[in-house]
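K.L.:
Provided herewith: work_13.cif, mmCIF, N, CA and C atoms.
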```
data_start
loop_
_atom_site.label_atom_id
_atom_site.label_comp_id
_atom_site.auth_asym_id
_atom_site.auth_seq_id
_atom_site.Cartn_x
_atom_site.Cartn_y
_atom_site.Cartn_z
N MET A 1 67.90 65.02 13.92
CA MET A 1 66.87 64.58 13.00
C MET A 1 67.17 63.20 12.40
N ASP A 2 68.21 62.55 12.88
CA ASP A 2 68.50 61.19 12.39
C ASP A 2 67.44 60.20 12.85
N TRP A 3 66.84 60.46 14.00
CA TRP A 3 65.79 59.56 14.50
C TRP A 3 64.57 59.61 13.61
N LEU A 4 64.31 60.76 12.98
CA LEU A 4 63.17 60.88 12.07
C LEU A 4 63.40 60.04 10.81
N LYS A 5 64.64 60.00 10.36
CA LYS A 5 64.98 59.16 9.21
C LYS A 5 64.79 57.68 9.55
N GLY A 6 65.16 57.30 10.76
CA GLY A 6 64.99 55.92 11.22
C GLY A 6 63.52 55.53 11.30
N ILE A 7 62.66 56.45 11.74
CA ILE A 7 61.23 56.17 11.80
C ILE A 7 60.67 55.99 10.39
N GLY A 8 61.12 56.81 9.46
CA GLY A 8 60.66 56.68 8.07
C GLY A 8 61.04 55.34 7.46
N ILE A 9 62.26 54.90 7.74
CA ILE A 9 62.70 53.60 7.23
C ILE A 9 61.88 52.48 7.87
N GLY A 10 61.59 52.60 9.17
CA GLY A 10 60.78 51.59 9.85
C GLY A 10 59.37 51.51 9.30
N VAL A 11 58.78 52.67 9.00
CA VAL A 11 57.43 52.68 8.43
C VAL A 11 57.43 52.05 7.04
N MET A 12 58.45 52.36 6.24
CA MET A 12 58.53 51.77 4.90
C MET A 12 58.72 50.26 4.99
N ALA A 13 59.49 49.78 5.95
CA ALA A 13 59.69 48.35 6.13
C ALA A 13 58.38 47.67 6.57
N ALA A 14 57.62 48.34 7.44
CA ALA A 14 56.34 47.77 7.89
C ALA A 14 55.35 47.69 6.74
N VAL A 15 55.29 48.73 5.93
CA VAL A 15 54.38 48.71 4.77
C VAL A 15 54.82 47.64 3.78
N GLY A 16 56.12 47.51 3.54
CA GLY A 16 56.62 46.47 2.65
C GLY A 16 56.30 45.08 3.16
N GLY A 17 56.45 44.86 4.47
CA GLY A 17 56.10 43.57 5.05
C GLY A 17 54.63 43.27 4.92
N PHE A 18 53.79 44.28 5.12
CA PHE A 18 52.34 44.10 4.98
C PHE A 18 51.98 43.72 3.55
N VAL A 19 52.61 44.36 2.57
CA VAL A 19 52.34 44.04 1.17
C VAL A 19 52.76 42.61 0.86
N VAL A 20 53.90 42.18 1.37
CA VAL A 20 54.36 40.81 1.13
C VAL A 20 53.40 39.79 1.74
N VAL A 21 52.91 40.07 2.95
CA VAL A 21 51.96 39.15 3.60
C VAL A 21 50.66 39.08 2.79
N MET A 22 50.16 40.23 2.32
CA MET A 22 48.92 40.23 1.53
C MET A 22 49.10 39.48 0.21
N LEU A 23 50.25 39.64 -0.43
CA LEU A 23 50.51 38.89 -1.66
C LEU A 23 50.59 37.39 -1.38
N GLY A 24 51.15 37.01 -0.25
CA GLY A 24 51.21 35.59 0.12
C GLY A 24 49.82 35.01 0.34
N ILE A 25 48.96 35.76 1.01
CA ILE A 25 47.59 35.29 1.23
C ILE A 25 46.84 35.19 -0.10
N LEU A 26 47.02 36.17 -0.97
CA LEU A 26 46.39 36.13 -2.30
C LEU A 26 46.87 34.93 -3.10
N ALA A 27 48.18 34.65 -3.04
CA ALA A 27 48.72 33.49 -3.75
C ALA A 27 48.14 32.19 -3.21
N LEU A 28 47.93 32.12 -1.90
CA LEU A 28 47.34 30.92 -1.30
C LEU A 28 45.94 30.66 -1.87
N PHE A 29 45.13 31.71 -1.97
CA PHE A 29 43.79 31.54 -2.52
C PHE A 29 43.81 31.26 -4.02
N ILE A 30 44.78 31.82 -4.73
CA ILE A 30 44.88 31.52 -6.17
C ILE A 30 45.23 30.06 -6.37
N PHE A 31 46.14 29.52 -5.54
CA PHE A 31 46.46 28.09 -5.63
C PHE A 31 45.23 27.23 -5.32
N ALA A 32 44.43 27.65 -4.35
CA ALA A 32 43.23 26.89 -3.99
C ALA A 32 42.21 26.93 -5.12
N ILE A 33 42.03 28.08 -5.74
CA ILE A 33 41.08 28.18 -6.85
C ILE A 33 41.57 27.38 -8.05
N PHE A 34 42.88 27.42 -8.32
CA PHE A 34 43.43 26.62 -9.41
C PHE A 34 43.28 25.13 -9.11
N GLY A 35 43.43 24.74 -7.85
CA GLY A 35 43.22 23.34 -7.46
C GLY A 35 41.78 22.92 -7.67
N ALA A 36 40.84 23.83 -7.38
CA ALA A 36 39.42 23.52 -7.61
C ALA A 36 39.14 23.35 -9.09
N LEU A 37 39.74 24.19 -9.92
CA LEU A 37 39.55 24.06 -11.37
C LEU A 37 40.10 22.73 -11.87
N MET A 38 41.29 22.37 -11.43
CA MET A 38 41.89 21.11 -11.88
C MET A 38 41.10 19.91 -11.35
N GLY A 39 40.58 20.01 -10.13
CA GLY A 39 39.76 18.93 -9.58
C GLY A 39 38.46 18.76 -10.35
N ALA A 40 37.85 19.88 -10.76
CA ALA A 40 36.62 19.81 -11.54
C ALA A 40 36.87 19.20 -12.92
N ILE A 41 37.96 19.59 -13.54
CA ILE A 41 38.31 19.02 -14.86
C ILE A 41 38.58 17.53 -14.72
N THR A 42 39.32 17.14 -13.69
CA THR A 42 39.60 15.72 -13.47
C THR A 42 38.33 14.94 -13.19
N GLY A 43 37.43 15.52 -12.38
CA GLY A 43 36.15 14.86 -12.10
C GLY A 43 35.31 14.70 -13.35
N PHE A 44 35.34 15.71 -14.23
CA PHE A 44 34.59 15.61 -15.48
C PHE A 44 35.15 14.50 -16.37
N ILE A 45 36.47 14.47 -16.49
CA ILE A 45 37.09 13.42 -17.32
C ILE A 45 36.80 12.05 -16.73
N LEU A 46 36.90 11.93 -15.41
CA LEU A 46 36.63 10.65 -14.75
C LEU A 46 35.17 10.23 -14.94
N GLN A 47 34.28 11.20 -14.96
CA GLN A 47 32.85 10.90 -15.10
C GLN A 47 32.52 10.33 -16.48
N ILE A 48 33.28 10.70 -17.52
CA ILE A 48 32.95 10.21 -18.86
C ILE A 48 33.74 8.96 -19.26
N VAL A 49 34.69 8.53 -18.42
CA VAL A 49 35.43 7.30 -18.71
C VAL A 49 34.50 6.11 -18.43
N PRO A 50 34.34 5.20 -19.40
CA PRO A 50 33.33 4.14 -19.27
C PRO A 50 33.49 3.22 -18.07
N ILE A 51 34.69 2.83 -17.72
CA ILE A 51 34.85 1.84 -16.66
C ILE A 51 35.06 2.52 -15.30
N LEU A 52 35.91 3.56 -15.24
CA LEU A 52 36.25 4.18 -13.97
C LEU A 52 35.12 5.03 -13.39
N GLY A 53 34.37 5.71 -14.24
CA GLY A 53 33.30 6.58 -13.75
C GLY A 53 32.29 5.86 -12.88
N PRO A 54 31.65 4.78 -13.39
CA PRO A 54 30.70 4.06 -12.54
C PRO A 54 31.34 3.42 -11.31
N LEU A 55 32.59 3.00 -11.43
CA LEU A 55 33.28 2.40 -10.29
C LEU A 55 33.49 3.41 -9.16
N VAL A 56 33.91 4.61 -9.52
CA VAL A 56 34.13 5.65 -8.51
C VAL A 56 32.79 6.11 -7.93
N LYS A 57 31.76 6.23 -8.77
CA LYS A 57 30.44 6.59 -8.27
C LYS A 57 29.92 5.55 -7.28
N GLN A 58 30.15 4.28 -7.59
CA GLN A 58 29.72 3.22 -6.69
C GLN A 58 30.48 3.31 -5.36
N GLY A 59 31.75 3.67 -5.42
CA GLY A 59 32.53 3.83 -4.19
C GLY A 59 31.97 4.95 -3.32
N PHE A 60 31.56 6.05 -3.94
CA PHE A 60 30.97 7.14 -3.16
C PHE A 60 29.58 6.75 -2.64
N MET A 61 28.86 5.92 -3.39
CA MET A 61 27.56 5.45 -2.91
C MET A 61 27.72 4.56 -1.68
N ILE A 62 28.80 3.78 -1.66
CA ILE A 62 29.08 2.95 -0.49
C ILE A 62 29.37 3.83 0.73
N LEU A 63 30.00 4.98 0.50
CA LEU A 63 30.31 5.90 1.59
C LEU A 63 29.07 6.66 2.09
N GLY A 64 27.96 6.56 1.37
CA GLY A 64 26.73 7.19 1.82
C GLY A 64 26.26 8.36 0.99
N ILE A 65 26.94 8.68 -0.10
CA ILE A 65 26.51 9.77 -0.98
C ILE A 65 25.58 9.16 -2.01
N GLU A 66 24.31 9.60 -2.00
CA GLU A 66 23.29 8.95 -2.82
C GLU A 66 23.49 9.18 -4.32
N ASN A 67 23.72 10.41 -4.73
CA ASN A 67 23.87 10.72 -6.15
C ASN A 67 25.15 11.54 -6.33
N PRO A 68 26.32 10.88 -6.40
CA PRO A 68 27.58 11.63 -6.44
C PRO A 68 27.80 12.33 -7.78
N ASP A 69 28.15 13.59 -7.70
CA ASP A 69 28.54 14.37 -8.88
C ASP A 69 30.07 14.49 -8.83
N LEU A 70 30.75 13.79 -9.71
CA LEU A 70 32.20 13.72 -9.64
C LEU A 70 32.86 15.06 -9.92
N VAL A 71 32.20 15.91 -10.70
CA VAL A 71 32.77 17.23 -10.97
C VAL A 71 32.77 18.07 -9.69
N ALA A 72 31.66 18.07 -8.97
CA ALA A 72 31.57 18.84 -7.73
C ALA A 72 32.50 18.27 -6.65
N ILE A 73 32.56 16.96 -6.56
CA ILE A 73 33.44 16.34 -5.57
C ILE A 73 34.90 16.63 -5.90
N GLY A 74 35.25 16.56 -7.18
CA GLY A 74 36.62 16.87 -7.60
C GLY A 74 36.98 18.32 -7.33
N ALA A 75 36.04 19.23 -7.57
CA ALA A 75 36.30 20.65 -7.31
C ALA A 75 36.49 20.90 -5.82
N ALA A 76 35.67 20.28 -5.00
CA ALA A 76 35.79 20.46 -3.55
C ALA A 76 37.12 19.91 -3.03
N LEU A 77 37.47 18.71 -3.48
CA LEU A 77 38.73 18.12 -3.04
C LEU A 77 39.93 18.89 -3.57
N GLY A 78 39.83 19.40 -4.80
CA GLY A 78 40.91 20.21 -5.37
C GLY A 78 41.08 21.52 -4.64
N PHE A 79 39.97 22.13 -4.20
CA PHE A 79 40.04 23.38 -3.46
C PHE A 79 40.75 23.18 -2.13
N VAL A 80 40.39 22.12 -1.43
CA VAL A 80 41.02 21.84 -0.14
C VAL A 80 42.50 21.48 -0.34
N ALA A 81 42.79 20.70 -1.36
CA ALA A 81 44.18 20.31 -1.62
C ALA A 81 45.02 21.49 -2.06
N GLY A 82 44.40 22.52 -2.64
CA GLY A 82 45.15 23.70 -3.05
C GLY A 82 45.79 24.43 -1.88
N PHE A 83 45.21 24.34 -0.68
CA PHE A 83 45.80 24.98 0.48
C PHE A 83 47.04 24.25 0.97
N PHE A 84 47.15 22.96 0.65
CA PHE A 84 48.27 22.16 1.13
C PHE A 84 49.32 21.94 0.06
N LYS A 85 49.20 22.61 -1.07
CA LYS A 85 50.11 22.39 -2.19
C LYS A 85 51.57 22.62 -1.80
N ASN A 86 51.88 23.68 -1.09
CA ASN A 86 53.27 23.96 -0.73
C ASN A 86 53.78 23.04 0.36
N SER A 87 52.91 22.44 1.12
CA SER A 87 53.35 21.55 2.20
C SER A 87 53.86 20.22 1.67
N PHE A 88 53.39 19.79 0.52
CA PHE A 88 53.72 18.47 0.01
C PHE A 88 54.83 18.47 -1.03
N THR A 89 55.30 19.62 -1.46
CA THR A 89 56.27 19.66 -2.54
C THR A 89 57.68 19.90 -2.01
N GLY A 90 58.63 19.38 -2.74
CA GLY A 90 60.03 19.64 -2.49
C GLY A 90 60.58 18.97 -1.24
N GLY A 91 61.89 18.93 -1.20
CA GLY A 91 62.57 18.39 -0.02
C GLY A 91 62.51 16.89 0.08
N SER A 92 63.47 16.36 0.76
CA SER A 92 63.48 14.94 1.02
C SER A 92 63.65 14.72 2.50
N CYS A 93 63.26 13.57 2.94
CA CYS A 93 63.32 13.23 4.37
C CYS A 93 64.60 12.47 4.65
N LYS A 94 65.69 13.18 4.78
CA LYS A 94 66.96 12.54 5.08
C LYS A 94 67.24 12.68 6.57
N SER A 95 67.69 11.62 7.15
CA SER A 95 68.10 11.68 8.55
C SER A 95 69.62 11.53 8.61
N ASP A 96 70.21 12.30 9.49
CA ASP A 96 71.68 12.26 9.59
C ASP A 96 72.15 11.16 10.50
#
```
Just give me the structure of the file as structure tokens.

P.N.:
Amino acid sequence: MDWLKGIGIGVMAAVGGFVVVMLGILALFIFAIFGALMGAITGFILQIVPILGPLVKQGFMILGIENPDLVAIGAALGFVAGFFKNSFTGGSCKSD
């Protein structure tokens, strides 16, 4: 009956691994949502700054966006950047 104990341990390890993967995916989406919130707040602040707001809006108009909403653009860019948050942090590029 030792093989039955081994199967039980394997099942518990598989369930534990599944839970860890699900928590990782949930954390990824939480980072993306937090990035969207920070992007929207930044877009709102940028929109009310007297000099930078019109300058950034003009830049988006040059790119072809007729009526740019900086809050929506900031939220969209923050959401996308939230998925890459862990890729850009930490570590240095040292070559031996």

K.L.:
Would you mind reading off the distance between atom CA of A:Ile73 and atom N of A:Ile25, one decimal, in Å?

P.N.:
25.7 Å

K.L.:
Could you please write out, as a ChimeraX atom specification, every residue of chain A that DSSP assigns to alpha helix (DSSP H)?

P.N.:
/A:2-48,52-62,70-83,85-88

K.L.:
Would you mind listing what lies within 5 Å of stretch 80-82 of chain A as a compact mmCIF listing (two decimals) with N, CA and C atoms, keeping the file's coordinate frame, with all atoms listed in the file counted and same-chain residues fewer than 4 positions away left out?

P.N.:
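For reference, around-v8.txt as written:
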```txt
# COMPACT_ATOMS: atom_id res chain seq x y z
N PHE A 31 46.14 29.52 -5.54
CA PHE A 31 46.46 28.09 -5.63
C PHE A 31 45.23 27.23 -5.32
N ALA A 32 44.43 27.65 -4.35
CA ALA A 32 43.23 26.89 -3.99
C ALA A 32 42.21 26.93 -5.12
N GLY A 35 43.43 24.74 -7.85
CA GLY A 35 43.22 23.34 -7.46
C GLY A 35 41.78 22.92 -7.67
N ALA A 76 35.67 20.28 -5.00
CA ALA A 76 35.79 20.46 -3.55
C ALA A 76 37.12 19.91 -3.03
```

K.L.:
Just the number, please: distance in Å from atom CA of A:Val20 to atom N of A:Phe34, one decimal.

P.N.:
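A separation of 20.0 Å between them.
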
K.L.:
What's the separation between atom CA of A:Leu37 and atom CA of A:Pro68, in Å to one decimal place?

P.N.:
17.9 Å

K.L.:
Any chance you could resolve the PyMOL selection byres (((chain A and resi 57 and name CA) around 10) and name CA) against this file and give the residues as a PDB file with N, CA and C atoms, in the frame of the given file?

P.N.:
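As a result, part22.pdb now contains:
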```
ATOM      1  N   LEU A  46      36.900  11.930 -15.410  1.00  0.00           N
ATOM      2  CA  LEU A  46      36.630  10.650 -14.750  1.00  0.00           C
ATOM      3  C   LEU A  46      35.170  10.230 -14.940  1.00  0.00           C
ATOM      4  N   GLN A  47      34.280  11.200 -14.960  1.00  0.00           N
ATOM      5  CA  GLN A  47      32.850  10.900 -15.100  1.00  0.00           C
ATOM      6  C   GLN A  47      32.520  10.330 -16.480  1.00  0.00           C
ATOM      7  N   LEU A  52      35.910   3.560 -15.240  1.00  0.00           N
ATOM      8  CA  LEU A  52      36.250   4.180 -13.970  1.00  0.00           C
ATOM      9  C   LEU A  52      35.120   5.030 -13.390  1.00  0.00           C
ATOM     10  N   GLY A  53      34.370   5.710 -14.240  1.00  0.00           N
ATOM     11  CA  GLY A  53      33.300   6.580 -13.750  1.00  0.00           C
ATOM     12  C   GLY A  53      32.290   5.860 -12.880  1.00  0.00           C
ATOM     13  N   PRO A  54      31.650   4.780 -13.390  1.00  0.00           N
ATOM     14  CA  PRO A  54      30.700   4.060 -12.540  1.00  0.00           C
ATOM     15  C   PRO A  54      31.340   3.420 -11.310  1.00  0.00           C
ATOM     16  N   LEU A  55      32.590   3.000 -11.430  1.00  0.00           N
ATOM     17  CA  LEU A  55      33.280   2.400 -10.290  1.00  0.00           C
ATOM     18  C   LEU A  55      33.490   3.410  -9.160  1.00  0.00           C
ATOM     19  N   VAL A  56      33.910   4.610  -9.520  1.00  0.00           N
ATOM     20  CA  VAL A  56      34.130   5.650  -8.510  1.00  0.00           C
ATOM     21  C   VAL A  56      32.790   6.110  -7.930  1.00  0.00           C
ATOM     22  N   GLN A  58      30.150   4.280  -7.590  1.00  0.00           N
ATOM     23  CA  GLN A  58      29.720   3.220  -6.690  1.00  0.00           C
ATOM     24  C   GLN A  58      30.480   3.310  -5.360  1.00  0.00           C
ATOM     25  N   GLY A  59      31.750   3.670  -5.420  1.00  0.00           N
ATOM     26  CA  GLY A  59      32.530   3.830  -4.190  1.00  0.00           C
ATOM     27  C   GLY A  59      31.970   4.950  -3.320  1.00  0.00           C
ATOM     28  N   PHE A  60      31.560   6.050  -3.940  1.00  0.00           N
ATOM     29  CA  PHE A  60      30.970   7.140  -3.160  1.00  0.00           C
ATOM     30  C   PHE A  60      29.580   6.750  -2.640  1.00  0.00           C
ATOM     31  N   MET A  61      28.860   5.920  -3.390  1.00  0.00           N
ATOM     32  CA  MET A  61      27.560   5.450  -2.910  1.00  0.00           C
ATOM     33  C   MET A  61      27.720   4.560  -1.680  1.00  0.00           C
ATOM     34  N   ILE A  62      28.800   3.780  -1.660  1.00  0.00           N
ATOM     35  CA  ILE A  62      29.080   2.950  -0.490  1.00  0.00           C
ATOM     36  C   ILE A  62      29.370   3.830   0.730  1.00  0.00           C
ATOM     37  N   LEU A  63      30.000   4.980   0.500  1.00  0.00           N
ATOM     38  CA  LEU A  63      30.310   5.900   1.590  1.00  0.00           C
ATOM     39  C   LEU A  63      29.070   6.660   2.090  1.00  0.00           C
ATOM     40  N   ILE A  65      26.940   8.680  -0.100  1.00  0.00           N
ATOM     41  CA  ILE A  65      26.510   9.770  -0.980  1.00  0.00           C
ATOM     42  C   ILE A  65      25.580   9.160  -2.010  1.00  0.00           C
ATOM     43  N   GLU A  66      24.310   9.600  -2.000  1.00  0.00           N
ATOM     44  CA  GLU A  66      23.290   8.950  -2.820  1.00  0.00           C
ATOM     45  C   GLU A  66      23.490   9.180  -4.320  1.00  0.00           C
ATOM     46  N   ASN A  67      23.720  10.410  -4.730  1.00  0.00           N
ATOM     47  CA  ASN A  67      23.870  10.720  -6.150  1.00  0.00           C
ATOM     48  C   ASN A  67      25.150  11.540  -6.330  1.00  0.00           C
ATOM     49  N   PRO A  68      26.320  10.880  -6.400  1.00  0.00           N
ATOM     50  CA  PRO A  68      27.580  11.630  -6.440  1.00  0.00           C
ATOM     51  C   PRO A  68      27.800  12.330  -7.780  1.00  0.00           C
ATOM     52  N   ASP A  69      28.150  13.590  -7.700  1.00  0.00           N
ATOM     53  CA  ASP A  69      28.540  14.370  -8.880  1.00  0.00           C
ATOM     54  C   ASP A  69      30.070  14.490  -8.830  1.00  0.00           C
ATOM     55  N   LEU A  70      30.750  13.790  -9.710  1.00  0.00           N
ATOM     56  CA  LEU A  70      32.200  13.720  -9.640  1.00  0.00           C
ATOM     57  C   LEU A  70      32.860  15.060  -9.920  1.00  0.00           C
TER      58      LEU A  70
END
```

K.L.:
Since I can't run it myself right now, could you work out what the PyMOL selection byres ((chain A and resi 40) around 7) selects here and report it as a VMD selection string?

P.N.:
chain A and resid 35 to 39 41 to 45 70 to 76 78

K.L.:
Store the residues picked out above, limited to N, CA and C atoms, as a tab-separated table (two decimals), keeping the file's coordinate frame.

P.N.:
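Final output, saved to part-v8.tsv:
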```tsv
chain	number	residue	atom	x	y	z
A	35	GLY	N	43.43	24.74	-7.85
A	35	GLY	CA	43.22	23.34	-7.46
A	35	GLY	C	41.78	22.92	-7.67
A	36	ALA	N	40.84	23.83	-7.38
A	36	ALA	CA	39.42	23.52	-7.61
A	36	ALA	C	39.14	23.35	-9.09
A	37	LEU	N	39.74	24.19	-9.92
A	37	LEU	CA	39.55	24.06	-11.37
A	37	LEU	C	40.10	22.73	-11.87
A	38	MET	N	41.29	22.37	-11.43
A	38	MET	CA	41.89	21.11	-11.88
A	38	MET	C	41.10	19.91	-11.35
A	39	GLY	N	40.58	20.01	-10.13
A	39	GLY	CA	39.76	18.93	-9.58
A	39	GLY	C	38.46	18.76	-10.35
A	41	ILE	N	37.96	19.59	-13.54
A	41	ILE	CA	38.31	19.02	-14.86
A	41	ILE	C	38.58	17.53	-14.72
A	42	THR	N	39.32	17.14	-13.69
A	42	THR	CA	39.60	15.72	-13.47
A	42	THR	C	38.33	14.94	-13.19
A	43	GLY	N	37.43	15.52	-12.38
A	43	GLY	CA	36.15	14.86	-12.10
A	43	GLY	C	35.31	14.70	-13.35
A	44	PHE	N	35.34	15.71	-14.23
A	44	PHE	CA	34.59	15.61	-15.48
A	44	PHE	C	35.15	14.50	-16.37
A	45	ILE	N	36.47	14.47	-16.49
A	45	ILE	CA	37.09	13.42	-17.32
A	45	ILE	C	36.80	12.05	-16.73
A	70	LEU	N	30.75	13.79	-9.71
A	70	LEU	CA	32.20	13.72	-9.64
A	70	LEU	C	32.86	15.06	-9.92
A	71	VAL	N	32.20	15.91	-10.70
A	71	VAL	CA	32.77	17.23	-10.97
A	71	VAL	C	32.77	18.07	-9.69
A	72	ALA	N	31.66	18.07	-8.97
A	72	ALA	CA	31.57	18.84	-7.73
A	72	ALA	C	32.50	18.27	-6.65
A	73	ILE	N	32.56	16.96	-6.56
A	73	ILE	CA	33.44	16.34	-5.57
A	73	ILE	C	34.90	16.63	-5.90
A	74	GLY	N	35.25	16.56	-7.18
A	74	GLY	CA	36.62	16.87	-7.60
A	74	GLY	C	36.98	18.32	-7.33
A	75	ALA	N	36.04	19.23	-7.57
A	75	ALA	CA	36.30	20.65	-7.31
A	75	ALA	C	36.49	20.90	-5.82
A	76	ALA	N	35.67	20.28	-5.00
A	76	ALA	CA	35.79	20.46	-3.55
A	76	ALA	C	37.12	19.91	-3.03
A	78	GLY	N	39.83	19.40	-4.80
A	78	GLY	CA	40.91	20.21	-5.37
A	78	GLY	C	41.08	21.52	-4.64
```
